[in-house]
Amino acid sequence: MTLAGFLADPLRVTQDSDIVLEIENRPIRRAAIAVVMMLVAIASGLAAITDGATGTGIILLAMVGLIGWLYLHEAVQLTQLRLDRDAGFARLRVTTLRGRHEETCALSDLHRLESVAHYGTAAGNDETRLVLVCGSGPERREIVVPMFRPDPDEVAHLTGLINGWLSRREQRAPS
């Protein structure tokens, strides 16, 4: 297991039927690791203050607070994607420390999920984004599914799962 694999939270399919497909990404592991690291650094800062290195301890506490806050604002986000044939919509809900953002499009307008790779200029800056493609022509809209450092295998699995669900025809029971 790589460090990226250890830090990545798995995408979970919470509901998969012919009517509803629901997928969510909860940052539990990533947030827990960040909080533990912050607590260790805070303990180090407090230990420095009690040893008499007040300036060093205060600087360490300030840096932990700033960097920890910035990291948690970026990394801690609950992403829920729900595709519902009965209601006829696709809803993407993202909850972060800043609040909740929701985007909805008609399921009839949703064509596919694409994985788009962006290559950085330095090694390790490559990024894969998931994009829901809604509408066509001038009405085309792309909704980015936010994920913090996704695992490429999970991206491929999720893309196949959603595109397979979209291509399935609704099975009807004989009357």
# chains A, B, ... in the order shown; residues from 1 in each chain; ligands from 1

$ select_by_dssp --residues "stretch 23-150 of chain A" --states "strand (DSSP E)" --output "number ranges by chain"
A: 23-25, 77-84, 89-96, 99-106, 110-118, 127-134, 141-145

$ residues_around --residues "A:Ala62" --least-positions-apart "4" --cutoff "12 Å" --atoms "only C-alpha atoms" --output "number ranges by chain"
A: 38, 41-42, 45-46, 55-58, 66-69

$ write_last_selection --atoms "N, CA and C atoms" --output "PDB file, in the first residue's frame"
ATOM      1  N   MET A  38      -1.989  17.089  13.943  1.00  0.00           N
ATOM      2  CA  MET A  38      -2.121  18.414  14.546  1.00  0.00           C
ATOM      3  C   MET A  38      -2.001  18.327  16.068  1.00  0.00           C
ATOM      4  N   ALA A  41       1.618  17.922  17.020  1.00  0.00           N
ATOM      5  CA  ALA A  41       2.344  19.182  16.869  1.00  0.00           C
ATOM      6  C   ALA A  41       1.949  20.182  17.962  1.00  0.00           C
ATOM      7  N   ILE A  42       0.679  20.203  18.348  1.00  0.00           N
ATOM      8  CA  ILE A  42       0.245  21.079  19.446  1.00  0.00           C
ATOM      9  C   ILE A  42       0.911  20.657  20.752  1.00  0.00           C
ATOM     10  N   GLY A  45       4.400  21.924  20.710  1.00  0.00           N
ATOM     11  CA  GLY A  45       4.429  23.364  20.975  1.00  0.00           C
ATOM     12  C   GLY A  45       4.223  23.675  22.447  1.00  0.00           C
ATOM     13  N   LEU A  46       3.296  22.982  23.066  1.00  0.00           N
ATOM     14  CA  LEU A  46       3.060  23.193  24.493  1.00  0.00           C
ATOM     15  C   LEU A  46       4.251  22.712  25.329  1.00  0.00           C
ATOM     16  N   GLY A  55       8.904  31.456  22.634  1.00  0.00           N
ATOM     17  CA  GLY A  55       8.794  31.937  21.248  1.00  0.00           C
ATOM     18  C   GLY A  55       8.652  30.799  20.250  1.00  0.00           C
ATOM     19  N   THR A  56       9.457  29.766  20.435  1.00  0.00           N
ATOM     20  CA  THR A  56       9.399  28.602  19.548  1.00  0.00           C
ATOM     21  C   THR A  56       8.049  27.906  19.668  1.00  0.00           C
ATOM     22  N   GLY A  57       7.565  27.757  20.882  1.00  0.00           N
ATOM     23  CA  GLY A  57       6.271  27.108  21.098  1.00  0.00           C
ATOM     24  C   GLY A  57       5.132  27.882  20.481  1.00  0.00           C
ATOM     25  N   ILE A  58       5.145  29.205  20.624  1.00  0.00           N
ATOM     26  CA  ILE A  58       4.073  30.037  20.056  1.00  0.00           C
ATOM     27  C   ILE A  58       4.116  29.986  18.531  1.00  0.00           C
ATOM     28  N   LEU A  66      -2.519  27.500  11.453  1.00  0.00           N
ATOM     29  CA  LEU A  66      -2.697  28.010  10.087  1.00  0.00           C
ATOM     30  C   LEU A  66      -2.679  26.878   9.059  1.00  0.00           C
ATOM     31  N   ILE A  67      -1.636  26.069   9.096  1.00  0.00           N
ATOM     32  CA  ILE A  67      -1.515  24.994   8.105  1.00  0.00           C
ATOM     33  C   ILE A  67      -2.615  23.962   8.283  1.00  0.00           C
ATOM     34  N   GLY A  68      -2.931  23.614   9.526  1.00  0.00           N
ATOM     35  CA  GLY A  68      -4.006  22.657   9.786  1.00  0.00           C
ATOM     36  C   GLY A  68      -5.346  23.152   9.299  1.00  0.00           C
ATOM     37  N   TRP A  69      -5.636  24.413   9.549  1.00  0.00           N
ATOM     38  CA  TRP A  69      -6.906  24.989   9.118  1.00  0.00           C
ATOM     39  C   TRP A  69      -7.006  24.994   7.598  1.00  0.00           C
TER      40      TRP A  69
END

$ residues_around --residues "stretch 144-147 of chain A" --least-positions-apart "5" --cutoff "9 Å" --atoms "only C-alpha atoms" --output "CSV table (one decimal) with N, CA, C and O atoms, in the first residue's frame"
chain,number,residue,atom,x,y,z
A,25,ASN,N,-18.2,9.9,-0.8
A,25,ASN,CA,-16.8,9.9,-0.4
A,25,ASN,C,-16.8,10.6,0.9
A,25,ASN,O,-17.0,11.8,1.0
A,75,ALA,N,-9.2,19.6,2.3
A,75,ALA,CA,-9.3,18.1,2.3
A,75,ALA,C,-10.6,17.5,2.8
A,75,ALA,O,-11.0,16.5,2.4
A,77,GLN,N,-14.1,17.1,2.9
A,77,GLN,CA,-15.3,17.4,2.2
A,77,GLN,C,-16.1,16.0,2.0
A,77,GLN,O,-15.5,15.0,1.6
A,79,THR,N,-18.6,14.2,-0.2
A,79,THR,CA,-19.2,14.3,-1.6
A,79,THR,C,-20.2,13.2,-1.7
A,79,THR,O,-19.9,12.0,-1.5
A,81,LEU,N,-23.1,11.7,-4.6
A,81,LEU,CA,-23.6,11.7,-5.9
A,81,LEU,C,-24.8,10.8,-6.0
A,81,LEU,O,-24.7,9.6,-5.6
A,92,LEU,N,-25.5,16.3,-7.2
A,92,LEU,CA,-24.2,16.2,-6.6
A,92,LEU,C,-24.2,17.2,-5.4
A,92,LEU,O,-24.4,18.4,-5.6
A,94,VAL,N,-21.9,18.6,-2.1
A,94,VAL,CA,-20.6,18.6,-1.5
A,94,VAL,C,-20.7,19.5,-0.3
A,94,VAL,O,-21.1,20.6,-0.3
A,128,THR,N,-6.4,13.9,-11.6
A,128,THR,CA,-7.5,13.3,-12.4
A,128,THR,C,-8.8,13.9,-11.8
A,128,THR,O,-8.9,13.9,-10.6
A,129,ARG,N,-9.6,14.4,-12.6
A,129,ARG,CA,-10.9,15.0,-12.2
A,129,ARG,C,-12.0,14.2,-12.8
A,129,ARG,O,-11.9,13.7,-14.0
A,130,LEU,N,-13.1,14.0,-12.1
A,130,LEU,CA,-14.3,13.4,-12.6
A,130,LEU,C,-15.2,14.5,-13.0
A,130,LEU,O,-15.5,15.5,-12.2
A,131,VAL,N,-15.8,14.4,-14.2
A,131,VAL,CA,-16.7,15.4,-14.7
A,131,VAL,C,-18.0,14.8,-15.2
A,131,VAL,O,-18.0,13.9,-16.0
A,132,LEU,N,-19.1,15.3,-14.7
A,132,LEU,CA,-20.4,14.9,-15.2
A,132,LEU,C,-20.8,15.7,-16.4
A,132,LEU,O,-20.7,17.0,-16.3
A,133,VAL,N,-21.1,15.1,-17.6
A,133,VAL,CA,-21.4,15.9,-18.8
A,133,VAL,C,-22.9,15.9,-18.9
A,133,VAL,O,-23.5,14.8,-19.2

$ select_by_dssp --residues "chain A" --states "helix (DSSP H, G or I)" --output "JSON, numbers by chain"
{"A": [3, 4, 5, 6, 7, 28, 29, 30, 31, 32, 33, 34, 35, 36, 37, 38, 39, 40, 41, 42, 43, 44, 45, 46, 47, 48, 49, 50, 54, 55, 56, 57, 58, 59, 60, 61, 62, 63, 64, 65, 66, 67, 68, 69, 70, 71, 72, 73, 74, 75, 137, 138, 139, 152, 153, 154, 155, 156, 157, 158, 159, 160, 161, 162, 163, 164, 165, 166, 167]}

$ residues_around --residues "A:Leu113" --least-positions-apart "5" --cutoff "12 Å" --atoms "only C-alpha atoms" --output "list in words"
Leu81, Leu83, Ala90, Arg129, Leu130, Val131, Leu132, Val133, Cys134, Arg141, Glu142, Ile143, Val144, Val145, Val155, Ala156, His157, Leu158, Thr159, Gly160, Leu161, Ile162, Asn163, Gly164, Trp165, Leu166 and Ser167 of chain A

$ residues_around --residues "A:Val76" --least-positions-apart "3" --cutoff "9 Å" --atoms "only C-alpha atoms" --output "PyMOL selection string"
chain A and resi 26-28+30-31+71-73+95-97+148

$ write_last_selection --atoms "C-alpha atoms" --output "CSV table (one decimal), in the first residue's frame"
chain,number,residue,atom,x,y,z
A,26,ARG,CA,-16.4,10.5,3.3
A,27,PRO,CA,-13.0,11.9,4.4
A,28,ILE,CA,-12.9,10.0,7.7
A,30,ARG,CA,-7.8,11.6,6.0
A,31,ALA,CA,-9.3,13.9,8.6
A,71,TYR,CA,-5.5,21.7,5.0
A,72,LEU,CA,-8.8,20.8,6.7
A,73,HIS,CA,-10.6,23.4,4.6
A,95,THR,CA,-20.4,19.5,2.1
A,96,THR,CA,-17.2,21.2,3.4
A,97,LEU,CA,-16.2,23.2,6.4
A,148,PHE,CA,-9.0,15.3,-3.0

$ atom_distance --atom1 "atom CA of A:Arg12" --atom2 "atom CA of A:Leu78"
11.6 Å

$ closest_residue --among "A:Ala32, A:Ala106, A:Ala117, A:Ala48" --to "A:Arg91" --atoms "only C-alpha atoms"
A:Ala106

$ decode --residues "stretch 67-83 of chain A" --atoms "all heavy atoms" --output "PDB file, in the first residue's frame"
ATOM      1  N   ILE A  67      -1.636  26.069   9.096  1.00  0.00           N
ATOM      2  CA  ILE A  67      -1.515  24.994   8.105  1.00  0.00           C
ATOM      3  C   ILE A  67      -2.615  23.962   8.283  1.00  0.00           C
ATOM      4  O   ILE A  67      -3.209  23.487   7.314  1.00  0.00           O
ATOM      5  CB  ILE A  67      -0.117  24.348   8.171  1.00  0.00           C
ATOM      6  CG1 ILE A  67       0.926  25.363   7.716  1.00  0.00           C
ATOM      7  CG2 ILE A  67      -0.050  23.088   7.323  1.00  0.00           C
ATOM      8  CD1 ILE A  67       2.352  24.929   7.946  1.00  0.00           C
ATOM      9  N   GLY A  68      -2.931  23.614   9.526  1.00  0.00           N
ATOM     10  CA  GLY A  68      -4.006  22.657   9.786  1.00  0.00           C
ATOM     11  C   GLY A  68      -5.346  23.152   9.299  1.00  0.00           C
ATOM     12  O   GLY A  68      -6.121  22.418   8.686  1.00  0.00           O
ATOM     13  N   TRP A  69      -5.636  24.413   9.549  1.00  0.00           N
ATOM     14  CA  TRP A  69      -6.906  24.989   9.118  1.00  0.00           C
ATOM     15  C   TRP A  69      -7.006  24.994   7.598  1.00  0.00           C
ATOM     16  O   TRP A  69      -8.038  24.630   7.026  1.00  0.00           O
ATOM     17  CB  TRP A  69      -7.063  26.391   9.677  1.00  0.00           C
ATOM     18  CG  TRP A  69      -8.403  26.987   9.425  1.00  0.00           C
ATOM     19  CD1 TRP A  69      -8.713  27.987   8.553  1.00  0.00           C
ATOM     20  CD2 TRP A  69      -9.634  26.599  10.034  1.00  0.00           C
ATOM     21  NE1 TRP A  69     -10.050  28.246   8.595  1.00  0.00           N
ATOM     22  CE2 TRP A  69     -10.640  27.408   9.502  1.00  0.00           C
ATOM     23  CE3 TRP A  69      -9.983  25.647  10.985  1.00  0.00           C
ATOM     24  CZ2 TRP A  69     -11.981  27.295   9.872  1.00  0.00           C
ATOM     25  CZ3 TRP A  69     -11.309  25.547  11.360  1.00  0.00           C
ATOM     26  CH2 TRP A  69     -12.283  26.361  10.809  1.00  0.00           C
ATOM     27  N   LEU A  70      -5.924  25.404   6.930  1.00  0.00           N
ATOM     28  CA  LEU A  70      -5.930  25.420   5.462  1.00  0.00           C
ATOM     29  C   LEU A  70      -6.096  24.012   4.895  1.00  0.00           C
ATOM     30  O   LEU A  70      -6.840  23.800   3.938  1.00  0.00           O
ATOM     31  CB  LEU A  70      -4.641  26.060   4.938  1.00  0.00           C
ATOM     32  CG  LEU A  70      -4.490  27.557   5.182  1.00  0.00           C
ATOM     33  CD1 LEU A  70      -3.110  28.019   4.768  1.00  0.00           C
ATOM     34  CD2 LEU A  70      -5.564  28.338   4.454  1.00  0.00           C
ATOM     35  N   TYR A  71      -5.389  23.056   5.469  1.00  0.00           N
ATOM     36  CA  TYR A  71      -5.491  21.673   4.991  1.00  0.00           C
ATOM     37  C   TYR A  71      -6.895  21.117   5.201  1.00  0.00           C
ATOM     38  O   TYR A  71      -7.471  20.508   4.310  1.00  0.00           O
ATOM     39  CB  TYR A  71      -4.460  20.788   5.691  1.00  0.00           C
ATOM     40  CG  TYR A  71      -4.554  19.345   5.255  1.00  0.00           C
ATOM     41  CD1 TYR A  71      -4.002  18.940   4.055  1.00  0.00           C
ATOM     42  CD2 TYR A  71      -5.225  18.400   6.029  1.00  0.00           C
ATOM     43  CE1 TYR A  71      -4.103  17.629   3.630  1.00  0.00           C
ATOM     44  CE2 TYR A  71      -5.335  17.091   5.613  1.00  0.00           C
ATOM     45  CZ  TYR A  71      -4.775  16.707   4.421  1.00  0.00           C
ATOM     46  OH  TYR A  71      -4.893  15.409   3.995  1.00  0.00           O
ATOM     47  N   LEU A  72      -7.436  21.315   6.388  1.00  0.00           N
ATOM     48  CA  LEU A  72      -8.765  20.777   6.673  1.00  0.00           C
ATOM     49  C   LEU A  72      -9.831  21.422   5.789  1.00  0.00           C
ATOM     50  O   LEU A  72     -10.783  20.760   5.374  1.00  0.00           O
ATOM     51  CB  LEU A  72      -9.114  20.941   8.152  1.00  0.00           C
ATOM     52  CG  LEU A  72      -8.327  20.031   9.097  1.00  0.00           C
ATOM     53  CD1 LEU A  72      -8.682  20.347  10.534  1.00  0.00           C
ATOM     54  CD2 LEU A  72      -8.576  18.571   8.797  1.00  0.00           C
ATOM     55  N   HIS A  73      -9.675  22.710   5.481  1.00  0.00           N
ATOM     56  CA  HIS A  73     -10.644  23.353   4.584  1.00  0.00           C
ATOM     57  C   HIS A  73     -10.582  22.771   3.186  1.00  0.00           C
ATOM     58  O   HIS A  73     -11.596  22.710   2.489  1.00  0.00           O
ATOM     59  CB  HIS A  73     -10.398  24.864   4.523  1.00  0.00           C
ATOM     60  CG  HIS A  73     -11.236  25.615   5.483  1.00  0.00           C
ATOM     61  ND1 HIS A  73     -12.527  25.961   5.235  1.00  0.00           N
ATOM     62  CD2 HIS A  73     -10.967  26.067   6.722  1.00  0.00           C
ATOM     63  CE1 HIS A  73     -13.021  26.605   6.257  1.00  0.00           C
ATOM     64  NE2 HIS A  73     -12.094  26.675   7.196  1.00  0.00           N
ATOM     65  N   GLU A  74      -9.404  22.349   2.755  1.00  0.00           N
ATOM     66  CA  GLU A  74      -9.256  21.793   1.407  1.00  0.00           C
ATOM     67  C   GLU A  74      -9.621  20.317   1.345  1.00  0.00           C
ATOM     68  O   GLU A  74     -10.260  19.859   0.408  1.00  0.00           O
ATOM     69  CB  GLU A  74      -7.811  21.991   0.932  1.00  0.00           C
ATOM     70  CG  GLU A  74      -7.534  21.461  -0.450  1.00  0.00           C
ATOM     71  CD  GLU A  74      -8.244  22.227  -1.537  1.00  0.00           C
ATOM     72  OE1 GLU A  74      -8.522  23.414  -1.338  1.00  0.00           O
ATOM     73  OE2 GLU A  74      -8.539  21.616  -2.583  1.00  0.00           O
ATOM     74  N   ALA A  75      -9.206  19.560   2.337  1.00  0.00           N
ATOM     75  CA  ALA A  75      -9.285  18.103   2.256  1.00  0.00           C
ATOM     76  C   ALA A  75     -10.568  17.518   2.811  1.00  0.00           C
ATOM     77  O   ALA A  75     -11.010  16.471   2.354  1.00  0.00           O
ATOM     78  CB  ALA A  75      -8.101  17.479   2.985  1.00  0.00           C
ATOM     79  N   VAL A  76     -11.172  18.162   3.795  1.00  0.00           N
ATOM     80  CA  VAL A  76     -12.340  17.575   4.443  1.00  0.00           C
ATOM     81  C   VAL A  76     -13.590  18.007   3.692  1.00  0.00           C
ATOM     82  O   VAL A  76     -14.063  19.134   3.821  1.00  0.00           O
ATOM     83  CB  VAL A  76     -12.419  17.981   5.930  1.00  0.00           C
ATOM     84  CG1 VAL A  76     -13.671  17.439   6.569  1.00  0.00           C
ATOM     85  CG2 VAL A  76     -11.191  17.484   6.661  1.00  0.00           C
ATOM     86  N   GLN A  77     -14.092  17.091   2.891  1.00  0.00           N
ATOM     87  CA  GLN A  77     -15.325  17.358   2.159  1.00  0.00           C
ATOM     88  C   GLN A  77     -16.076  16.048   1.953  1.00  0.00           C
ATOM     89  O   GLN A  77     -15.493  15.043   1.589  1.00  0.00           O
ATOM     90  CB  GLN A  77     -15.041  18.039   0.828  1.00  0.00           C
ATOM     91  CG  GLN A  77     -14.147  17.275  -0.102  1.00  0.00           C
ATOM     92  CD  GLN A  77     -13.784  18.082  -1.323  1.00  0.00           C
ATOM     93  OE1 GLN A  77     -14.197  19.213  -1.467  1.00  0.00           O
ATOM     94  NE2 GLN A  77     -13.019  17.508  -2.208  1.00  0.00           N
ATOM     95  N   LEU A  78     -17.345  16.094   2.226  1.00  0.00           N
ATOM     96  CA  LEU A  78     -18.224  14.954   2.020  1.00  0.00           C
ATOM     97  C   LEU A  78     -18.870  15.139   0.653  1.00  0.00           C
ATOM     98  O   LEU A  78     -19.537  16.144   0.409  1.00  0.00           O
ATOM     99  CB  LEU A  78     -19.292  14.886   3.113  1.00  0.00           C
ATOM    100  CG  LEU A  78     -20.465  13.949   2.872  1.00  0.00           C
ATOM    101  CD1 LEU A  78     -19.999  12.513   2.796  1.00  0.00           C
ATOM    102  CD2 LEU A  78     -21.496  14.109   3.970  1.00  0.00           C
ATOM    103  N   THR A  79     -18.640  14.189  -0.234  1.00  0.00           N
ATOM    104  CA  THR A  79     -19.191  14.266  -1.585  1.00  0.00           C
ATOM    105  C   THR A  79     -20.224  13.162  -1.745  1.00  0.00           C
ATOM    106  O   THR A  79     -19.921  11.996  -1.491  1.00  0.00           O
ATOM    107  CB  THR A  79     -18.074  14.086  -2.636  1.00  0.00           C
ATOM    108  OG1 THR A  79     -17.060  15.060  -2.391  1.00  0.00           O
ATOM    109  CG2 THR A  79     -18.611  14.247  -4.037  1.00  0.00           C
ATOM    110  N   GLN A  80     -21.436  13.537  -2.159  1.00  0.00           N
ATOM    111  CA  GLN A  80     -22.510  12.575  -2.400  1.00  0.00           C
ATOM    112  C   GLN A  80     -23.044  12.789  -3.810  1.00  0.00           C
ATOM    113  O   GLN A  80     -23.396  13.905  -4.182  1.00  0.00           O
ATOM    114  CB  GLN A  80     -23.644  12.774  -1.406  1.00  0.00           C
ATOM    115  CG  GLN A  80     -23.242  12.541   0.022  1.00  0.00           C
ATOM    116  CD  GLN A  80     -24.330  12.976   0.987  1.00  0.00           C
ATOM    117  OE1 GLN A  80     -24.858  14.066   0.886  1.00  0.00           O
ATOM    118  NE2 GLN A  80     -24.648  12.101   1.918  1.00  0.00           N
ATOM    119  N   LEU A  81     -23.092  11.706  -4.573  1.00  0.00           N
ATOM    120  CA  LEU A  81     -23.642  11.739  -5.920  1.00  0.00           C
ATOM    121  C   LEU A  81     -24.814  10.774  -5.963  1.00  0.00           C
ATOM    122  O   LEU A  81     -24.655   9.597  -5.641  1.00  0.00           O
ATOM    123  CB  LEU A  81     -22.583  11.334  -6.955  1.00  0.00           C
ATOM    124  CG  LEU A  81     -23.046  11.251  -8.402  1.00  0.00           C
ATOM    125  CD1 LEU A  81     -23.511  12.616  -8.897  1.00  0.00           C
ATOM    126  CD2 LEU A  81     -21.945  10.713  -9.281  1.00  0.00           C
ATOM    127  N   ARG A  82     -25.989  11.285  -6.324  1.00  0.00           N
ATOM    128  CA  ARG A  82     -27.194  10.460  -6.369  1.00  0.00           C
ATOM    129  C   ARG A  82     -27.833  10.582  -7.747  1.00  0.00           C
ATOM    130  O   ARG A  82     -28.158  11.673  -8.193  1.00  0.00           O
ATOM    131  CB  ARG A  82     -28.181  10.892  -5.295  1.00  0.00           C
ATOM    132  CG  ARG A  82     -29.428  10.045  -5.268  1.00  0.00           C
ATOM    133  CD  ARG A  82     -30.371  10.496  -4.143  1.00  0.00           C
ATOM    134  NE  ARG A  82     -31.595   9.748  -4.140  1.00  0.00           N
ATOM    135  CZ  ARG A  82     -31.789   8.623  -3.470  1.00  0.00           C
ATOM    136  NH1 ARG A  82     -30.820   8.123  -2.744  1.00  0.00           N
ATOM    137  NH2 ARG A  82     -32.942   8.001  -3.515  1.00  0.00           N
ATOM    138  N   LEU A  83     -27.983   9.435  -8.402  1.00  0.00           N
ATOM    139  CA  LEU A  83     -28.673   9.352  -9.679  1.00  0.00           C
ATOM    140  C   LEU A  83     -29.984   8.614  -9.423  1.00  0.00           C
ATOM    141  O   LEU A  83     -29.968   7.486  -8.945  1.00  0.00           O
ATOM    142  CB  LEU A  83     -27.824   8.598 -10.704  1.00  0.00           C
ATOM    143  CG  LEU A  83     -26.381   9.083 -10.884  1.00  0.00           C
ATOM    144  CD1 LEU A  83     -25.625   8.150 -11.796  1.00  0.00           C
ATOM    145  CD2 LEU A  83     -26.371  10.480 -11.428  1.00  0.00           C
TER     146      LEU A  83
END
